[in-house]
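Colleague: Have a look at this one.
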Amino acid sequence: MTSSISTEAANAKVVIGKPLSPARLALRRFSRNRLGLIGTVIVALFVLCAIFAPLISPHDYQNTSAINAYKAPGESPEYLLGTDESGRDVLSRLIWGARTSLIVSLAAQAIMLVLGLVLGFSAGWFGGWIDFVVNRLIEVFVALPALLFRILVVIVLGGGITNLILAISLLAWPELARLVRAQVLGYRGREFVEASHALGSSTTEIALRHVLPNILNPLIVAITFSIPSVIILESSLSFLGYGINEPTPSWGKMVGGAANYIQSYWHLGILPTICLSIVMIGFSFFGDAVRDALDPRSAQKAP
Amino acid sequence: MARFLITRFSGMAFVLLVVSFLTFALMYNVPGGPFDQNKQPLSEAAMANIKRKYGLDQPFYVQWGRYVINAVQGDFGTSYVAEGDKIVTLFGKYWGASLIFGALSLAWSIPLGLILGVWAAIKRNTLIDYVVTLISVVGITVPVFALGIFGLYLFSIRWKLLPYTGWDLVNEPLTAVLPVIIFGLLPLGTIARYTRAGMLEVLAQDYVRTARAKGLTFKVVVLKHALRNALIPILTVIGPFIPNALTGSAILERMFNIPGVGRYFIDSIQARDYPVIMATVLIVAVLWGITYLLTDLLYTVADPRIRIDGSKS
């Protein structure tokens with residue numbers, strides 16, 4: 001412990017003037033992180049592509065044309081990144097694929113967040129049998145073979161984006177619930193919470209006004225790491241053929257469909273793979289920077 | 001100790017019961033049945049006979065109860081597809097490839113991950129450190145199917161160094177190289193990253209400085225004093241990779257045509273081969289339970305201050 005304090009002191013620059021707010025300090029730490037800025041740019045580009053997909057994609061992503069099938073990138077100025085087996089524009093499908101990834105990850109994240117917050121908070125706050133039940137539930141969901149069980153869920157519910165979101169989120173909430181539970185346990189006995197309780201605040205009020213703001217930082221960090229993992233799940237399931245349905249483009253599905261003719265038409269498999277890899281690495285840098293900025297104490301320990 | 005084990009094992013039994021129920025409930029609701037045939041539709045009487053034979057005409061809870069009672073006695077039933085074949089025999093056939101695949105992947109990635117992590121920590125902020133960090137980032141963040149496609153394209157198609165898919169360890173051992181490397185990249189990257197961080201933290205401790213000050217060589221200090229202490233948090237990181245690797249990778253098995261359990265599971269879902277699906281899910285759940293238990297036990301060996309009930313003295 002002593003060593004971490006001394007390094008902190010050594011790192012601190014002498015600032016003359018008004019003390020900065022925690023938010024300003026976090027922003028300053030964030031903007032000093034070079035890899036984090038690269039990650040932010042990548043994530044921002046990804047989100048912009050997703051939002052403005054209809055405006056920036058040069059073609060309709062589902063327009064097929066048999067004459068234009070299997071064009072290589074650069075072969076025709078009309079199709080910058082070539083076309084796929086049914087003559088659909090690869091660039092447009094890549095741009096729309098970003099939108100699919102973003103929609104699935106945000107929707108799944110929202111469900112996971114609600115489940116994780118409600119279950120984790122109740123377990124940590126009320127304890128007793130509720131805590132017991134939630135903990136057993138978490139154990140059950142952790143024991144399920146994640147990918148295989150999701151395939152089963154997709155087959156039972158049927159393919160399509162909504163069921164895919166359910167299959168991903170219904171099995172992925174335990175991590176968030178665990179985090180929230182541990183955080184709430186740490187705050188339950190604090191004076192300001194007890195004071196609020198004594199003043200007659202309801203449980204919901206305490207949860208929303210006193211506990212939630214205090215656990216916001218670790219929660220944000222967890223979410224920035226959870227979103228890319230959901231994107232990986234979406235693309236993996238789509239790759240295997242248990243995710244997004246035609247004609248909606250998804251990077252994972254594009255790779256899965258192209259795996260068979262990668263020997264002759266490399267671009268169909270490699271281009272979506274490159275997009276996915278860049279976005280994943282961008283999210284990783286971004287997440288690291290967010291963690292370092294919001295939670296400097298854990299940042300010193302974490303790899 | 002005995003009490004700890006009893007609590008843990010009864011907890012595991014409960015988890016398995018719920019897992020089996022969930023899986024059963026899902027399968028029960030899968031559209032289509034195991035004996036739907038498009039080519040030669042069976043007569044209604046024959047269909048009813050088959051369903052009676054496998055107990056599929058019974059209500060859901062009866063089927064589930066019967067399954068649990070049989071499974072407890074070690075009878076996991078027979079496959080619907082490979083008719084009459086015992087599940088245990090089938091698993092011997094398919095799990096073999098996955099076991100070898102997973103074991104080979106871990107055999108190189110765990111030791112190399114540890115070595116790279118220690119190396120990067122010692123040579124902090126040098127080229128070696130940056131290269132190790134880059135390998136970690138790629139291994140951790142890029143999904144396996146993306147790494148697989150890159151690998152296939154570069155090594156098999158572009159440079160023609162390795163065979164294009166397939167799995168034949170005896171006659172063509174080169175077929176295993178690419179999938180084994182790709183499957184090992186995630187454990188490699190994760191272990192290297194945590195080892196590096198753990199070593200950096202430990203190397204800054206006072207007792208390491210003391211050990212150096214009393215004249216021990218750097219090598220002895222790193223290997224005997226620092227590594228042992230850095231290893232404790234790394235154990236929890238390594239733990240989950242073992243069941244993960246031993247249960248195969250549905251994605252890589254499909255991509256490289258490896259006849260393993262991941263591929264077999266997907267085929268079984270498609271064929272509605274319920275007993276195979278159940279057995280796979282349960283075996284994976286058991287493997288995870290054992291892994292968590294062993295990780296907790298290993299903790300107490302690596303750090304005697306940690307008590308078995310989870311408290312720290």
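Simple scheme: letters A, B, ... for chains in structure tokens order, numbers from 1 for residues in each chain, numbers from 1 for ligands in the order shown.
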If the cut-off is 9 Å, can you tell me the residues of chain A near chain B, counting only C-alpha atoms? I'd like them as a count of residues only.

Modeller: 52

Colleague: Write out as a short mmCIF file (atom, residue, chain, number, x, y, z; two decimals) with C-alpha atoms, in the first residue's frame the residues lying within 10 Å of region 61-78 of chain A, counting only C-alpha atoms and excluding same-chain residues fewer than 6 positions away.

Modeller:
data_model
loop_
_atom_site.label_atom_id
_atom_site.label_comp_id
_atom_site.auth_asym_id
_atom_site.auth_seq_id
_atom_site.Cartn_x
_atom_site.Cartn_y
_atom_site.Cartn_z
CA ALA A 53 -25.72 3.98 -42.50
CA PRO A 54 -28.65 4.90 -44.79
CA ASP A 84 -20.62 -10.68 -52.87
CA GLU A 85 -22.04 -13.88 -54.35
CA SER A 86 -25.36 -12.24 -55.23
CA GLY A 87 -23.81 -9.04 -56.51
CA ARG A 88 -24.57 -6.97 -53.41
CA ASP A 89 -22.24 -4.09 -52.61
CA VAL A 90 -19.76 -5.16 -49.89
CA LEU A 91 -19.05 -1.62 -48.67
CA SER A 92 -22.73 -0.91 -48.08
CA ARG A 93 -23.16 -4.21 -46.29
CA LEU A 94 -20.16 -3.46 -44.07
CA ILE A 95 -21.62 -0.08 -43.12
CA TRP A 96 -25.01 -1.59 -42.35
CA GLY A 97 -23.27 -4.38 -40.46
CA GLU A 246 -30.98 -12.57 -44.30
CA PRO A 247 -31.08 -9.99 -45.76
CA THR A 248 -29.90 -7.93 -42.75
CA PRO A 249 -26.11 -7.60 -42.96
CA SER A 264 -11.25 -17.75 -54.65
CA TYR A 265 -12.81 -14.59 -53.20
CA TRP A 266 -10.72 -13.59 -50.21
CA HIS A 267 -12.25 -10.14 -49.81
CA LEU A 268 -15.66 -11.46 -48.80
CA LEU A 271 -13.01 -7.34 -45.15
#

Colleague: To test your reading of the structure, identify every residue in region 55-105 of chain B that backbone DSSP assigns to helix (DSSP H, G or I), and report it as an NGL selection string.

Modeller: :B and (60-72 or 87-105)

Colleague: How many Å lie between CA of Val118 (chain A) and CA of Ser10 (chain B), rounded to one decimal?

Modeller: 27.3 Å

Colleague: Can you tell me, as a list in words, what residues are no more than 7 Å from region 212-226 of chain A when counting only C-alpha atoms, ignoring any on the same chain fewer than 3 positions away?

Modeller: Gln183, Ala207, Leu208, Arg209, Ser229, Val230, Gly287, Val290, Arg291 and Leu294 of chain A
